[in-house]
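Shown below: query_29.csv, with CSV, C-alpha atoms.
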```csv
chain,number,residue,atom,x,y,z
A,1,MET,CA,98.2,140.4,134.8
A,2,PHE,CA,100.0,140.6,131.4
A,3,GLU,CA,102.3,137.7,132.4
A,4,THR,CA,99.3,135.6,133.2
A,5,ILE,CA,97.7,136.4,129.9
A,6,GLY,CA,101.0,135.6,128.1
A,7,VAL,CA,101.3,132.3,129.9
A,8,LEU,CA,97.7,131.4,129.0
A,9,ILE,CA,98.2,132.3,125.4
A,10,VAL,CA,101.4,130.1,125.2
A,11,PHE,CA,99.6,127.3,127.0
A,12,PHE,CA,96.5,127.3,124.7
A,13,PHE,CA,98.8,127.7,121.6
A,14,LEU,CA,100.7,124.6,122.7
A,15,LEU,CA,97.4,122.8,123.5
A,16,VAL,CA,96.0,123.6,120.0
A,17,ALA,CA,99.2,122.7,118.3
A,18,GLY,CA,99.3,119.4,120.2
A,19,ALA,CA,95.7,118.6,119.4
A,20,ALA,CA,96.3,119.4,115.7
A,21,PHE,CA,99.4,117.1,115.6
A,22,TYR,CA,97.4,114.3,117.4
A,23,PHE,CA,94.5,114.5,115.0
A,24,GLN,CA,96.8,114.5,112.0
A,25,LEU,CA,98.4,111.3,113.4
A,26,GLN,CA,95.0,109.8,114.0
A,27,LYS,CA,93.9,110.6,110.5
A,28,GLY,CA,97.0,108.8,109.2
A,29,SER,CA,96.4,105.9,111.5
A,30,PHE,CA,92.8,105.5,110.4
A,31,LYS,CA,93.9,105.6,106.7
A,32,ARG,CA,96.5,102.9,107.5
A,33,GLN,CA,93.9,100.8,109.3
A,34,LEU,CA,91.5,101.1,106.3
A,35,ARG,CA,94.3,100.1,104.0
A,36,GLU,CA,95.2,97.1,106.1
A,37,SER,CA,91.6,96.0,106.4
A,38,ALA,CA,91.3,96.2,102.6
A,39,GLU,CA,94.5,94.2,102.2
A,40,GLN,CA,93.2,91.5,104.5
A,41,GLU,CA,89.9,91.4,102.5
A,42,SER,CA,91.9,91.0,99.3
A,43,LEU,CA,93.9,88.1,100.9
A,44,GLN,CA,90.6,86.5,101.9
A,45,LEU,CA,89.3,86.8,98.3
A,46,VAL,CA,92.4,85.0,97.1
A,47,GLN,CA,91.9,82.2,99.7
A,48,ARG,CA,88.2,81.9,98.7
A,49,ALA,CA,89.2,81.6,95.0
A,50,LEU,CA,91.9,79.0,95.9
A,51,TYR,CA,89.3,76.7,97.4
A,52,LEU,CA,86.5,77.1,94.8
A,53,PRO,CA,85.3,73.5,94.0
A,54,GLU,CA,84.5,74.8,90.5
A,55,LEU,CA,88.2,75.1,89.7
A,56,ASP,CA,90.0,72.5,91.8
A,57,CYS,CA,92.2,69.7,90.7
A,58,SER,CA,90.7,66.6,92.4
A,59,PHE,CA,91.9,63.1,91.9
A,60,VAL,CA,89.6,60.4,93.2
A,61,SER,CA,88.0,63.0,95.5
A,62,ILE,CA,91.4,64.1,96.8
A,63,GLN,CA,91.9,67.8,96.3
A,64,LYS,CA,95.4,69.0,95.4
A,65,GLU,CA,96.3,72.2,97.2
A,66,ASN,CA,96.8,75.5,95.3
A,67,CYS,CA,95.9,73.8,92.1
A,68,PHE,CA,93.4,74.8,89.3
A,69,ASP,CA,92.4,72.7,86.3
A,70,VAL,CA,93.0,74.8,83.2
A,71,TYR,CA,90.0,73.4,81.4
A,72,LYS,CA,87.8,74.2,84.3
A,73,VAL,CA,89.3,77.7,84.4
A,74,GLY,CA,88.6,78.3,80.7
A,75,LEU,CA,85.0,77.1,80.9
A,76,PHE,CA,84.3,78.9,84.2
A,77,SER,CA,85.6,82.2,82.9
A,78,GLU,CA,83.3,81.8,79.8
A,79,LEU,CA,80.4,81.1,82.2
A,80,LEU,CA,81.1,84.2,84.3
A,81,LYS,CA,80.7,86.4,81.3
A,82,GLN,CA,77.0,86.0,81.6
A,83,GLU,CA,75.4,88.7,83.7
A,84,THR,CA,73.2,86.4,85.7
A,85,VAL,CA,76.0,84.0,86.7
A,86,LEU,CA,78.2,87.1,87.5
A,87,GLN,CA,75.5,88.3,89.9
A,88,ASP,CA,75.4,84.8,91.5
A,89,TYR,CA,79.1,85.1,92.3
A,90,PHE,CA,78.8,88.7,93.6
A,91,PRO,CA,78.5,87.5,97.3
A,92,VAL,CA,81.8,85.6,96.9
A,93,PHE,CA,84.0,88.1,95.1
A,94,GLY,CA,82.1,91.5,95.4
A,95,TYR,CA,83.7,94.4,93.6
A,96,SER,CA,86.9,92.8,92.3
A,97,GLU,CA,88.7,91.4,89.3
A,98,VAL,CA,90.1,87.9,89.4
A,99,MET,CA,92.7,86.9,86.9
A,100,ILE,CA,94.5,83.6,86.4
A,101,SER,CA,97.7,83.7,84.3
A,102,THR,CA,100.2,81.1,83.3
A,103,VAL,CA,103.8,82.3,84.0
A,104,TYR,CA,105.8,79.2,83.1
A,105,PRO,CA,106.5,77.4,80.7
A,106,GLU,CA,104.3,79.5,78.5
A,107,LYS,CA,102.5,82.8,79.1
A,108,SER,CA,98.7,83.2,78.9
A,109,GLU,CA,96.0,85.0,80.8
A,110,HIS,CA,92.3,84.4,81.8
A,111,VAL,CA,90.0,87.0,83.3
A,112,LEU,CA,87.9,84.8,85.6
A,113,TYR,CA,85.7,87.4,87.2
A,114,ALA,CA,85.4,91.1,86.4
A,115,ASN,CA,83.2,93.4,88.5
A,116,PRO,CA,85.1,96.7,88.8
A,117,LEU,CA,84.1,99.7,90.8
A,118,PRO,CA,85.2,102.7,88.7
A,119,GLY,CA,87.0,105.6,90.4
A,120,ARG,CA,87.9,103.7,93.5
A,121,ASP,CA,91.3,102.6,94.8
A,122,ARG,CA,92.2,98.9,94.3
A,123,ILE,CA,94.5,96.5,96.1
A,124,ALA,CA,96.2,93.8,94.1
A,125,THR,CA,97.1,90.5,95.8
A,126,GLN,CA,98.9,87.7,94.0
A,127,SER,CA,99.5,84.1,94.9
A,128,PRO,CA,101.3,81.3,93.0
A,129,ILE,CA,99.2,78.4,91.8
A,130,LEU,CA,99.6,75.2,89.9
A,131,LEU,CA,97.7,74.9,86.6
A,132,TYR,CA,96.9,71.3,85.8
A,133,ASN,CA,96.5,70.2,82.2
A,134,ALA,CA,94.6,66.9,82.2
A,135,THR,CA,95.5,66.2,78.5
A,136,THR,CA,99.3,66.3,79.0
A,137,LYS,CA,99.0,65.5,82.7
A,138,SER,CA,101.4,68.3,83.5
A,139,TYR,CA,101.5,71.2,85.9
A,140,ALA,CA,102.4,74.8,84.9
A,141,PHE,CA,103.4,77.6,87.2
A,142,GLY,CA,100.6,80.1,87.4
A,143,VAL,CA,99.5,83.1,89.4
A,144,ILE,CA,96.1,84.1,90.7
A,145,GLU,CA,95.7,87.9,91.0
A,146,VAL,CA,92.9,89.5,92.8
A,147,LYS,CA,92.3,93.3,92.4
A,148,HIS,CA,90.0,94.3,95.2
A,149,TYR,CA,88.2,97.6,94.9
A,150,VAL,CA,88.0,99.5,98.2
A,151,GLU,CA,84.3,100.6,98.8
B,1,MET,CA,88.5,151.5,161.1
B,2,TRP,CA,92.2,150.7,160.7
B,3,ASN,CA,92.8,154.1,159.2
B,4,ASN,CA,91.2,155.8,162.2
B,5,ASP,CA,93.5,153.8,164.6
B,6,LEU,CA,96.4,154.7,162.5
B,7,ALA,CA,95.5,158.4,162.7
B,8,ARG,CA,95.2,158.3,166.5
B,9,ALA,CA,98.3,156.1,167.2
B,10,PRO,CA,101.7,157.7,167.8
B,11,ILE,CA,104.2,157.8,165.0
B,12,HIS,CA,106.5,154.9,166.1
B,13,HIS,CA,103.4,152.7,166.5
B,14,THR,CA,102.2,153.6,163.1
B,15,LYS,CA,105.6,152.7,161.6
B,16,SER,CA,105.6,149.3,163.2
B,17,ARG,CA,102.0,148.6,162.0
B,18,ILE,CA,102.9,149.6,158.4
B,19,THR,CA,106.0,147.2,158.5
B,20,ARG,CA,103.7,144.4,159.9
B,21,PHE,CA,101.1,145.1,157.1
B,22,SER,CA,103.8,145.0,154.4
B,23,ARG,CA,105.2,141.7,155.8
B,24,VAL,CA,101.7,140.1,155.8
B,25,SER,CA,101.1,141.4,152.2
B,26,ALA,CA,104.4,140.1,151.0
B,27,LYS,CA,103.7,136.7,152.6
B,28,ARG,CA,100.3,136.6,150.8
B,29,GLU,CA,102.1,137.6,147.5
B,30,LEU,CA,104.7,134.9,148.0
B,31,GLY,CA,101.9,132.4,148.7
B,32,LYS,CA,100.2,133.3,145.4
B,33,ILE,CA,103.4,133.0,143.5
B,34,ALA,CA,104.0,129.6,145.1
B,35,GLN,CA,100.5,128.4,144.1
B,36,MET,CA,101.1,129.6,140.5
B,37,GLU,CA,104.4,127.7,140.4
B,38,ILE,CA,102.7,124.6,141.7
B,39,MET,CA,100.0,125.0,139.1
B,40,GLY,CA,102.6,125.4,136.4
B,41,LEU,CA,104.4,122.2,137.6
B,42,ALA,CA,101.1,120.3,137.6
B,43,ILE,CA,100.4,121.4,134.0
B,44,VAL,CA,103.9,120.4,132.9
B,45,VAL,CA,103.5,117.0,134.7
B,46,ILE,CA,100.1,116.5,132.9
B,47,LEU,CA,101.6,117.4,129.5
B,48,ILE,CA,104.5,115.0,130.0
B,49,GLY,CA,102.0,112.3,131.1
B,50,LEU,CA,99.9,112.8,128.0
B,51,GLY,CA,103.0,112.7,125.8
B,52,MET,CA,104.1,109.5,127.4
B,53,LEU,CA,100.6,108.0,126.9
B,54,PHE,CA,100.6,108.9,123.2
B,55,ALA,CA,104.1,107.5,122.7
B,56,VAL,CA,103.2,104.2,124.5
B,57,THR,CA,100.0,104.0,122.4
B,58,PHE,CA,101.8,104.4,119.1
B,59,VAL,CA,104.6,102.0,120.1
B,60,LEU,CA,102.1,99.3,121.1
B,61,LYS,CA,99.9,99.8,118.0
B,62,ARG,CA,102.7,99.5,115.4
B,63,PRO,CA,103.2,95.6,115.4
B,64,ALA,CA,99.6,95.0,114.2
B,65,GLY,CA,100.4,96.1,110.7
B,66,ASP,CA,103.7,94.3,110.6
B,67,THR,CA,102.0,91.0,111.6
B,68,ALA,CA,99.5,91.3,108.7
B,69,ALA,CA,102.4,91.9,106.3
B,70,ARG,CA,104.4,89.0,107.7
B,71,VAL,CA,101.5,86.6,107.4
B,72,LYS,CA,100.9,87.7,103.8
B,73,GLU,CA,104.6,87.3,102.8
B,74,SER,CA,105.0,84.1,104.7
B,75,THR,CA,102.0,82.6,102.9
B,76,LEU,CA,103.3,83.9,99.6
B,77,ALA,CA,106.8,82.3,100.2
B,78,ALA,CA,105.2,78.9,101.2
B,79,ASN,CA,102.9,78.8,98.2
B,80,PHE,CA,105.7,79.8,95.9
B,81,LEU,CA,108.0,77.0,97.0
B,82,ASN,CA,105.2,74.4,96.9
B,83,THR,CA,104.1,75.5,93.4
B,84,LEU,CA,107.7,75.7,92.1
B,85,LEU,CA,108.6,72.2,93.1
B,86,SER,CA,105.6,70.6,91.5
B,87,THR,CA,105.9,72.5,88.2
B,88,ASN,CA,106.8,70.5,85.1
B,89,THR,CA,109.6,71.8,82.9
B,90,PRO,CA,110.3,71.2,79.2
B,91,CYS,CA,113.2,69.0,80.2
B,92,GLN,CA,111.7,65.5,79.6
B,93,GLU,CA,108.5,66.8,81.4
B,94,ARG,CA,110.4,66.5,84.7
B,95,THR,CA,109.4,68.6,87.7
B,96,VAL,CA,111.7,71.2,89.3
B,97,LYS,CA,111.8,68.9,92.3
B,98,GLU,CA,113.1,66.0,90.2
B,99,LEU,CA,115.7,68.1,88.5
B,100,LEU,CA,117.0,69.3,91.9
B,101,GLN,CA,117.0,65.8,93.2
B,102,ASP,CA,119.1,64.7,90.2
B,103,CYS,CA,121.4,67.6,90.5
B,104,ALA,CA,122.0,67.0,94.2
B,105,LEU,CA,122.5,63.2,93.9
B,106,THR,CA,124.5,62.9,90.7
B,107,GLY,CA,125.7,66.4,89.9
B,108,GLY,CA,123.5,66.4,86.9
B,109,ILE,CA,123.0,63.4,84.7
B,110,VAL,CA,119.6,64.3,83.1
B,111,GLU,CA,120.1,66.0,79.7
B,112,CYS,CA,118.0,69.1,79.3
B,113,PRO,CA,117.8,71.7,76.5
B,114,GLY,CA,120.8,74.0,77.1
B,115,GLY,CA,122.7,71.9,79.6
B,116,LYS,CA,122.4,69.4,82.4
B,117,SER,CA,119.7,69.3,85.1
B,118,CYS,CA,121.7,71.7,87.4
B,119,GLU,CA,122.1,74.5,84.9
B,120,PHE,CA,118.6,74.0,83.5
B,121,ALA,CA,116.9,74.1,87.0
B,122,GLN,CA,119.0,77.2,87.8
B,123,SER,CA,117.9,79.1,84.7
B,124,GLN,CA,114.2,78.0,85.0
B,125,ILE,CA,114.0,79.0,88.6
B,126,LYS,CA,115.6,82.4,87.8
B,127,GLN,CA,113.0,82.9,85.0
B,128,ILE,CA,110.1,82.2,87.3
B,129,LEU,CA,111.4,84.4,90.1
B,130,ASP,CA,111.9,87.3,87.6
B,131,ASP,CA,108.4,86.9,86.2
B,132,THR,CA,106.7,86.8,89.5
B,133,LEU,CA,108.4,88.3,92.6
B,134,LEU,CA,110.6,90.8,90.7
B,135,ALA,CA,107.6,91.8,88.5
B,136,TRP,CA,105.6,92.5,91.7
B,137,ARG,CA,108.5,94.6,93.0
B,138,LYS,CA,109.1,92.3,95.9
B,139,SER,CA,112.6,91.9,97.2
B,140,TYR,CA,113.7,88.3,97.7
B,141,ARG,CA,116.5,85.9,98.4
B,142,PHE,CA,116.4,82.4,97.1
B,143,SER,CA,118.9,79.6,97.9
B,144,VAL,CA,119.2,75.8,97.9
B,145,ASN,CA,121.3,74.0,100.5
B,146,GLY,CA,122.4,70.4,101.0
B,147,SER,CA,125.0,69.6,98.4
B,148,PRO,CA,127.8,71.5,96.6
B,149,GLU,CA,126.0,71.3,93.2
B,150,VAL,CA,122.6,72.7,94.3
B,151,GLU,CA,124.3,75.4,96.5
B,152,LYS,CA,125.2,77.1,93.2
B,153,ILE,CA,121.5,77.8,92.8
B,154,ALA,CA,121.1,81.1,94.7
B,155,PHE,CA,119.5,84.4,93.6
B,156,SER,CA,118.5,87.7,95.0
B,157,GLY,CA,116.4,90.5,93.6
B,158,GLY,CA,115.7,94.0,94.8
B,159,LYS,CA,117.1,95.8,97.9
B,160,CYS,CA,115.6,94.9,101.2
B,161,ARG,CA,115.3,97.7,103.7
B,162,THR,CA,112.8,96.0,106.1
B,163,ASP,CA,112.4,92.7,107.8
B,164,ARG,CA,112.4,89.4,105.8
B,165,GLU,CA,109.9,86.6,106.1
B,166,ALA,CA,111.6,83.2,105.3
B,167,LYS,CA,110.2,79.8,104.4
B,168,VAL,CA,112.2,76.6,104.2
B,169,HIS,CA,111.0,73.6,102.2
B,170,PRO,CA,112.9,70.3,102.6
B,171,VAL,CA,113.2,67.9,99.6
B,172,PRO,CA,114.1,64.3,100.3
B,173,VAL,CA,116.7,63.0,97.8
B,174,ARG,CA,117.3,59.6,99.3
B,175,PRO,CA,116.9,58.3,102.9
B,176,GLY,CA,119.1,60.4,105.1
B,177,PHE,CA,119.9,63.0,102.4
B,178,ASP,CA,117.7,66.0,102.1
B,179,ILE,CA,118.2,69.3,100.3
B,180,THR,CA,116.4,72.5,101.5
B,181,LEU,CA,115.0,75.3,99.5
B,182,ARG,CA,114.9,78.7,101.3
B,183,LEU,CA,112.9,81.7,100.1
B,184,GLU,CA,113.1,85.1,102.0
B,185,ILE,CA,110.7,87.8,101.0
B,186,CYS,CA,110.8,91.4,102.3
B,187,THR,CA,107.8,92.4,104.4
B,188,GLY,CA,108.0,96.1,103.3
```

Represent the structure from my file as structure tokens, please.
Amino acid sequence: MFETIGVLIVFFFLLVAGAAFYFQLQKGSFKRQLRESAEQESLQLVQRALYLPELDCSFVSIQKENCFDVYKVGLFSELLKQETVLQDYFPVFGYSEVMISTVYPEKSEHVLYANPLPGRDRIATQSPILLYNATTKSYAFGVIEVKHYVE
Amino acid sequence: MWNNDLARAPIHHTKSRITRFSRVSAKRELGKIAQMEIMGLAIVVILIGLGMLFAVTFVLKRPAGDTAARVKESTLAANFLNTLLSTNTPCQERTVKELLQDCALTGGIVECPGGKSCEFAQSQIKQILDDTLLAWRKSYRFSVNGSPEVEKIAFSGGKCRTDREAKVHPVPVRPGFDITLRLEICTG
């Protein structure tokens, strides 16, 4: 009788310990999946920004890949400071910050879009871009950085 | 009923009946123990099966995350090489691609601030790598192959403990003579 009870106690103890271990692993797995999904969304935001016709370098209707016109960037960032225009671009960028910076030969930074979600985690994704100056007809090495706020 | 029979029966008969009873009882006990052991074995088999199932699930699930990271780093490496080659430098407004072509073909004829095209391209590429990949804490390995002069241009930053994602970009110098830029970025 006591042996049976002992065996049952050990069995249920092992079952509970196993279940606890499994749920902990699942919790970690869910967190990892959420993180991956947020990272993918952040990458999608970068891709969306890279193909914005408002910023592209086009020569006789031919668009150059991974290239932004610096004058367009400057004017577009000024335009996005207006609340109504910012709201128009909310479906494109959501809760995120988009920054364009020149890395080489000189350093400068433009905040293109800023709609942060305070108190939330954010995932930053960077991608190298060319910044075309139509006056000097030269390309600078730049970076587009998207900080995506996880909802 | 059995007790009455036992009372009426002679002693030797009673003894044999008791022996038979204890044998039957022992057989039943043994049967119960055997059943318990079978149950125990079944539980052990079920537990091992469940363990195997979890192990297989976790092993099969793992590559999904790695694939996403690989795609991300692969895109980054490809964009980096494309952007780098088209960037204009302060050396007579030439692009990095033109400097590398000059370095590979002539060993460096173009005069740049602080040296010839080879040294200048080397220092500028290093500066860009430090300001981007190293600043983002990404481990990398950059190299150029195709001629002895450009092969001196090779850098690495950070320690890579995981897999690397590599991108190769060929640059034609003249017909039949290409140099290749290779950038490896750690996926971790």

For chain B, which residues have at least one atom within 8 Å of chain A, if we go by all atoms listed in the file? Write them as number ranges by chain, please. B: 65, 68, 72, 76, 79-80, 83-84, 86-90, 93, 128, 131-132

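Taking CA of Leu60 in chain B and CA of Gln26 in chain A as the two end points, the separation is 14.5 Å.
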
Skip Thr187 in chain B itself and residues of its chain fewer than 5 positions away, then list as a ChimeraX atom specification all residues within 12 Å of it, counting all atoms listed in the file. /B:65-77,137-140,159-166

Restricted to C-alpha atoms, what would the selected residues look like written as a compact mmCIF listing (two decimals), in the coordinates of the input?
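The result, stored in result_4.txt:
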```txt
# COMPACT_ATOMS: atom_id res chain seq x y z
CA GLY B 65 100.40 96.10 110.70
CA ASP B 66 103.70 94.30 110.60
CA THR B 67 102.00 91.00 111.60
CA ALA B 68 99.50 91.30 108.70
CA ALA B 69 102.40 91.90 106.30
CA ARG B 70 104.40 89.00 107.70
CA VAL B 71 101.50 86.60 107.40
CA LYS B 72 100.90 87.70 103.80
CA GLU B 73 104.60 87.30 102.80
CA SER B 74 105.00 84.10 104.70
CA THR B 75 102.00 82.60 102.90
CA LEU B 76 103.30 83.90 99.60
CA ALA B 77 106.80 82.30 100.20
CA ARG B 137 108.50 94.60 93.00
CA LYS B 138 109.10 92.30 95.90
CA SER B 139 112.60 91.90 97.20
CA TYR B 140 113.70 88.30 97.70
CA LYS B 159 117.10 95.80 97.90
CA CYS B 160 115.60 94.90 101.20
CA ARG B 161 115.30 97.70 103.70
CA THR B 162 112.80 96.00 106.10
CA ASP B 163 112.40 92.70 107.80
CA ARG B 164 112.40 89.40 105.80
CA GLU B 165 109.90 86.60 106.10
CA ALA B 166 111.60 83.20 105.30
```

CA of His148 in chain A and CA of Phe30 in chain A, how far apart in Å?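 That distance, rounded to one decimal, is 19.1 Å.
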
Calculated over only C-alpha atoms, which of the candidates A:Pro116, A:Leu75, A:Gln24, A:Phe2 has the smallest distance to Phe90 in chain A?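 Using only C-alpha atoms, Phe90 in chain A sits closest to A:Pro116.
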
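Checking B:Phe177, B:Phe142, B:Leu50, B:Ser25 one by one against Asp130 in chain B, counting all atoms listed in the file, you find the shortest gap at B:Phe142.
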
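Atom pair CA of Arg122 in chain A / CA of Ser96 in chain A: separated by 8.3 Å.
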
For Leu81 in chain B, find every residue with an atom within 8 Å (counting only C-alpha atoms), except residues of its own chain fewer than 3 positions away, and show them as an mmCIF file with C-alpha atoms, keeping the file's coordinate frame.
```
data_model
loop_
_atom_site.group_PDB
_atom_site.id
_atom_site.type_symbol
_atom_site.label_atom_id
_atom_site.label_comp_id
_atom_site.auth_asym_id
_atom_site.auth_seq_id
_atom_site.Cartn_x
_atom_site.Cartn_y
_atom_site.Cartn_z
ATOM 1 C CA ALA B 77 106.800 82.300 100.200
ATOM 2 C CA ALA B 78 105.200 78.900 101.200
ATOM 3 C CA LEU B 84 107.700 75.700 92.100
ATOM 4 C CA LEU B 85 108.600 72.200 93.100
ATOM 5 C CA HIS B 169 111.000 73.600 102.200
ATOM 6 C CA LEU B 181 115.000 75.300 99.500
ATOM 7 C CA LEU B 183 112.900 81.700 100.100
#
```

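Closest to Val146 in chain A among A:Leu50, A:Leu112, A:Ile62, A:Met99 is A:Met99, based on only C-alpha atoms.
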
Please complete range 167-176 of chain B so it has all heavy atoms, and hand it over as a PDB file, in the frame of the given file.
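Printed below is part09.pdb as written:
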```pdb
ATOM      1  N   LYS B 167     110.806  81.149 104.362  1.00  0.00           N
ATOM      2  CA  LYS B 167     110.200  79.800 104.400  1.00  0.00           C
ATOM      3  C   LYS B 167     111.192  78.801 103.896  1.00  0.00           C
ATOM      4  O   LYS B 167     111.898  79.045 102.904  1.00  0.00           O
ATOM      5  CB  LYS B 167     108.934  79.790 103.507  1.00  0.00           C
ATOM      6  CG  LYS B 167     107.704  80.287 104.205  1.00  0.00           C
ATOM      7  CD  LYS B 167     107.119  79.265 105.179  1.00  0.00           C
ATOM      8  CE  LYS B 167     106.210  79.972 106.176  1.00  0.00           C
ATOM      9  NZ  LYS B 167     105.779  79.108 107.254  1.00  0.00           N
ATOM     10  N   VAL B 168     111.248  77.683 104.571  1.00  0.00           N
ATOM     11  CA  VAL B 168     112.200  76.600 104.200  1.00  0.00           C
ATOM     12  C   VAL B 168     111.374  75.393 103.808  1.00  0.00           C
ATOM     13  O   VAL B 168     110.427  75.025 104.511  1.00  0.00           O
ATOM     14  CB  VAL B 168     113.139  76.307 105.372  1.00  0.00           C
ATOM     15  CG1 VAL B 168     114.061  75.152 105.042  1.00  0.00           C
ATOM     16  CG2 VAL B 168     113.954  77.538 105.729  1.00  0.00           C
ATOM     17  N   HIS B 169     111.747  74.779 102.678  1.00  0.00           N
ATOM     18  CA  HIS B 169     111.000  73.600 102.200  1.00  0.00           C
ATOM     19  C   HIS B 169     112.027  72.449 102.012  1.00  0.00           C
ATOM     20  O   HIS B 169     112.867  72.524 101.110  1.00  0.00           O
ATOM     21  CB  HIS B 169     110.300  73.902 100.907  1.00  0.00           C
ATOM     22  CG  HIS B 169     109.255  72.890 100.557  1.00  0.00           C
ATOM     23  ND1 HIS B 169     109.566  71.575 100.284  1.00  0.00           N
ATOM     24  CD2 HIS B 169     107.919  72.991 100.450  1.00  0.00           C
ATOM     25  CE1 HIS B 169     108.443  70.930 100.012  1.00  0.00           C
ATOM     26  NE2 HIS B 169     107.427  71.763 100.111  1.00  0.00           N
ATOM     27  N   PRO B 170     111.987  71.406 102.816  1.00  0.00           N
ATOM     28  CA  PRO B 170     112.900  70.300 102.600  1.00  0.00           C
ATOM     29  C   PRO B 170     112.470  69.374 101.483  1.00  0.00           C
ATOM     30  O   PRO B 170     111.276  69.131 101.312  1.00  0.00           O
ATOM     31  CB  PRO B 170     112.894  69.561 103.966  1.00  0.00           C
ATOM     32  CG  PRO B 170     111.619  69.941 104.590  1.00  0.00           C
ATOM     33  CD  PRO B 170     111.113  71.188 103.976  1.00  0.00           C
ATOM     34  N   VAL B 171     113.455  68.883 100.729  1.00  0.00           N
ATOM     35  CA  VAL B 171     113.200  67.900  99.600  1.00  0.00           C
ATOM     36  C   VAL B 171     113.999  66.683  99.865  1.00  0.00           C
ATOM     37  O   VAL B 171     115.239  66.749  99.845  1.00  0.00           O
ATOM     38  CB  VAL B 171     113.509  68.563  98.254  1.00  0.00           C
ATOM     39  CG1 VAL B 171     113.300  67.556  97.129  1.00  0.00           C
ATOM     40  CG2 VAL B 171     112.673  69.805  98.003  1.00  0.00           C
ATOM     41  N   PRO B 172     113.355  65.536 100.112  1.00  0.00           N
ATOM     42  CA  PRO B 172     114.100  64.300 100.300  1.00  0.00           C
ATOM     43  C   PRO B 172     114.755  63.834  98.991  1.00  0.00           C
ATOM     44  O   PRO B 172     114.063  63.794  97.968  1.00  0.00           O
ATOM     45  CB  PRO B 172     113.122  63.315 100.846  1.00  0.00           C
ATOM     46  CG  PRO B 172     111.787  63.860 100.490  1.00  0.00           C
ATOM     47  CD  PRO B 172     111.909  65.317 100.230  1.00  0.00           C
ATOM     48  N   VAL B 173     116.040  63.529  99.012  1.00  0.00           N
ATOM     49  CA  VAL B 173     116.700  63.000  97.800  1.00  0.00           C
ATOM     50  C   VAL B 173     116.805  61.504  97.883  1.00  0.00           C
ATOM     51  O   VAL B 173     116.439  60.799  96.948  1.00  0.00           O
ATOM     52  CB  VAL B 173     118.129  63.668  97.668  1.00  0.00           C
ATOM     53  CG1 VAL B 173     118.865  63.158  96.431  1.00  0.00           C
ATOM     54  CG2 VAL B 173     118.015  65.187  97.618  1.00  0.00           C
ATOM     55  N   ARG B 174     117.328  61.008  98.957  1.00  0.00           N
ATOM     56  CA  ARG B 174     117.300  59.600  99.300  1.00  0.00           C
ATOM     57  C   ARG B 174     117.296  59.506 100.839  1.00  0.00           C
ATOM     58  O   ARG B 174     117.557  60.522 101.493  1.00  0.00           O
ATOM     59  CB  ARG B 174     118.422  58.797  98.669  1.00  0.00           C
ATOM     60  CG  ARG B 174     119.805  59.216  99.059  1.00  0.00           C
ATOM     61  CD  ARG B 174     120.833  58.282  98.423  1.00  0.00           C
ATOM     62  NE  ARG B 174     122.153  58.851  98.368  1.00  0.00           N
ATOM     63  CZ  ARG B 174     122.981  58.958  99.387  1.00  0.00           C
ATOM     64  NH1 ARG B 174     122.614  58.558 100.584  1.00  0.00           N
ATOM     65  NH2 ARG B 174     124.187  59.480  99.230  1.00  0.00           N
ATOM     66  N   PRO B 175     116.990  58.340 101.427  1.00  0.00           N
ATOM     67  CA  PRO B 175     116.900  58.300 102.900  1.00  0.00           C
ATOM     68  C   PRO B 175     118.169  58.850 103.569  1.00  0.00           C
ATOM     69  O   PRO B 175     119.289  58.430 103.245  1.00  0.00           O
ATOM     70  CB  PRO B 175     116.726  56.802 103.198  1.00  0.00           C
ATOM     71  CG  PRO B 175     116.085  56.249 101.966  1.00  0.00           C
ATOM     72  CD  PRO B 175     116.632  57.031 100.823  1.00  0.00           C
ATOM     73  N   GLY B 176     117.986  59.819 104.412  1.00  0.00           N
ATOM     74  CA  GLY B 176     119.100  60.400 105.100  1.00  0.00           C
ATOM     75  C   GLY B 176     119.787  61.556 104.375  1.00  0.00           C
ATOM     76  O   GLY B 176     120.777  62.123 104.850  1.00  0.00           O
TER      77      GLY B 176
END
```
